[in-house]
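The structure appears right after this line, and notes come after that.
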Amino acid sequence: MKKNIISGLVATALLATGFTASVAAHQAGDIIIRAGAVVVAPNESSEQVATFGEFGVSSNTQLGLNFGYMLTDNIGIELLAATPFSHDISLAGVGKIAETKQLPPTLVVQYYFGNAESKLRPYIGAGVNFTNFYDNEFTNDLDGALTDLSMGNSWGLAAQVGIDYQVNKNWLVNASVWYAQISTDVKFNLGGSPTTIETDIDPWVYMVSVGYTF
């Protein structure tokens, strides 16, 4: 399903590069603000946790915000932000054992296909993600065997593909897909012994939004 969404966006981008209309959009100097629903869907993997297997991390949906600035008619920069994401952490055969919250601001440089008069503006982007984990706590400590949970912050690369449709001079609708490298050291005491489990979360991020151009 994820591959189909990405393939569809890429195909649309390639088909739409020559599509133009009378509504001017995405010109040098424009500020673009988008708001909508954003889903973080982890593609997690981790080291083995004793005899329990790997960590599992749940998906979460929040209000997404991004702020863009067009350096030229085709090149922009964009910051992705959102209300805090909440994730359940589980272990195979045990179920949910913990909760965490995170903020993943992501900054990318983008290339927009088409030109300033194009009503449909597919784009691609690449940049860097910073993820701050906080409010980490065990909800099932396995009768006291699990204590002192912490998760390290993460820096990683990020990429995106998306498309804007300009409804009129100021308003647009948007769909985008992101991929971010997020890796954290999960630290806790297991039966009194300090334990560190390297965990890759590497989520796909899906966003559908409405935007306004200044």
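Every chain in the structure tokens takes a letter, A first, then B, and so on in the order presented; its residues are numbered from 1, and the ligands are numbered from 1 following the presented order.
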
What's the 12 Å shell around Leu79 in chain A, counting only C-alpha atoms, without same-chain residues fewer than 5 positions away, as a ChimeraX atom specification?
/A:31-34,64-69,104-110,125-130,158,160

Apply DSSP to the backbone of this structure and, from chain A, keep only the residues in alpha helix (DSSP H); write these as a list in words.
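Taking chain A and keeping alpha helix (DSSP H) only, one gets Lys2, Lys3, Asn4, Ile5, Ile6, Ser7, Gly8, Leu9, Val10, Ala11, Thr12, Ala13, Leu14, Leu15 and Ala16 of chain A.
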
Env of Phe52 in chain A: 9 Å cut, atoms = only C-alpha atoms, seq-sep filter 2 positions within chain, self excluded. Answer as an MDAnalysis selection string.
chainID A and resid 48:50 54:55 91:94

Those selected residues, please, written with all heavy atoms and delivered as a compact mmCIF listing (two decimals), in the first residue's frame.
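Saved file out.txt follows:
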```txt
# COMPACT_ATOMS: atom_id res chain seq x y z
N GLN A 48 17.54 -7.62 19.97
CA GLN A 48 16.70 -8.48 20.80
C GLN A 48 16.67 -7.96 22.23
O GLN A 48 17.70 -7.56 22.78
CB GLN A 48 17.22 -9.91 20.78
CG GLN A 48 17.13 -10.60 19.42
CD GLN A 48 15.71 -10.95 19.07
OE1 GLN A 48 15.12 -10.38 18.15
NE2 GLN A 48 15.13 -11.88 19.80
N VAL A 49 15.50 -7.97 22.83
CA VAL A 49 15.34 -7.59 24.24
C VAL A 49 15.23 -8.88 25.06
O VAL A 49 14.16 -9.50 25.13
CB VAL A 49 14.10 -6.72 24.45
CG1 VAL A 49 14.01 -6.27 25.90
CG2 VAL A 49 14.12 -5.53 23.51
N ALA A 50 16.37 -9.30 25.61
CA ALA A 50 16.44 -10.57 26.36
C ALA A 50 15.82 -11.68 25.52
O ALA A 50 16.21 -11.88 24.37
CB ALA A 50 15.76 -10.41 27.71
N GLU A 54 12.03 -8.26 19.49
CA GLU A 54 12.29 -6.85 19.20
C GLU A 54 11.16 -5.97 19.72
O GLU A 54 10.04 -6.43 19.97
CB GLU A 54 12.43 -6.65 17.69
CG GLU A 54 13.57 -7.40 17.05
CD GLU A 54 13.71 -7.09 15.57
OE1 GLU A 54 12.91 -6.28 15.04
OE2 GLU A 54 14.61 -7.66 14.93
N PHE A 55 11.47 -4.67 19.84
CA PHE A 55 10.45 -3.69 20.18
C PHE A 55 9.49 -3.48 19.01
O PHE A 55 9.89 -3.51 17.84
CB PHE A 55 11.08 -2.33 20.51
CG PHE A 55 11.72 -2.25 21.86
CD1 PHE A 55 13.03 -1.80 22.00
CD2 PHE A 55 11.01 -2.60 23.01
CE1 PHE A 55 13.62 -1.71 23.25
CE2 PHE A 55 11.60 -2.52 24.26
CZ PHE A 55 12.90 -2.07 24.39
N LEU A 91 6.34 -5.50 23.25
CA LEU A 91 7.23 -6.64 23.08
C LEU A 91 6.39 -7.85 22.68
O LEU A 91 5.27 -8.05 23.20
CB LEU A 91 7.98 -6.96 24.37
CG LEU A 91 9.17 -6.07 24.72
CD1 LEU A 91 9.70 -6.42 26.10
CD2 LEU A 91 10.29 -6.21 23.69
N ALA A 92 6.91 -8.66 21.76
CA ALA A 92 6.19 -9.85 21.31
C ALA A 92 5.92 -10.77 22.51
O ALA A 92 6.80 -11.02 23.33
CB ALA A 92 7.01 -10.59 20.26
N GLY A 93 4.68 -11.26 22.60
CA GLY A 93 4.32 -12.17 23.67
C GLY A 93 3.98 -11.49 24.97
O GLY A 93 3.50 -12.13 25.91
N VAL A 94 4.23 -10.17 25.04
CA VAL A 94 3.94 -9.42 26.26
C VAL A 94 2.87 -8.36 26.00
O VAL A 94 1.98 -8.13 26.78
CB VAL A 94 5.22 -8.74 26.81
CG1 VAL A 94 4.88 -7.90 28.04
CG2 VAL A 94 6.28 -9.79 27.13
```

Tell me which of A:Ile197, A:Leu103, A:Ile75, A:Val167 sits closest to Asp135 in chain A, counting only C-alpha atoms.
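Counting only C-alpha atoms, the residue closest to Asp135 in chain A is A:Leu103.
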
Point out the residue among A:Ile97, A:Leu71, A:Ala81, A:Val38 with the least atom-to-atom distance to Tyr112 in chain A, counting only C-alpha atoms.
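The closest residue to Tyr112 in chain A is A:Leu71.
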
One residue among A:Gly192, A:Ala180, A:Val205, A:Thr72 is nearest to Asn115 in chain A when using only C-alpha atoms, and that residue is A:Thr72

From the set A:Phe138, A:Thr61, A:Glu78, A:Ser118, which residue has the shortest atom-to-atom contact distance to Ser90 in chain A, counting only C-alpha atoms?
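Closest residue, counting only C-alpha atoms: A:Phe138.
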
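We find CA of Phe214 in chain A and CA of Thr83 in chain A to be spaced 23.3 Å apart.
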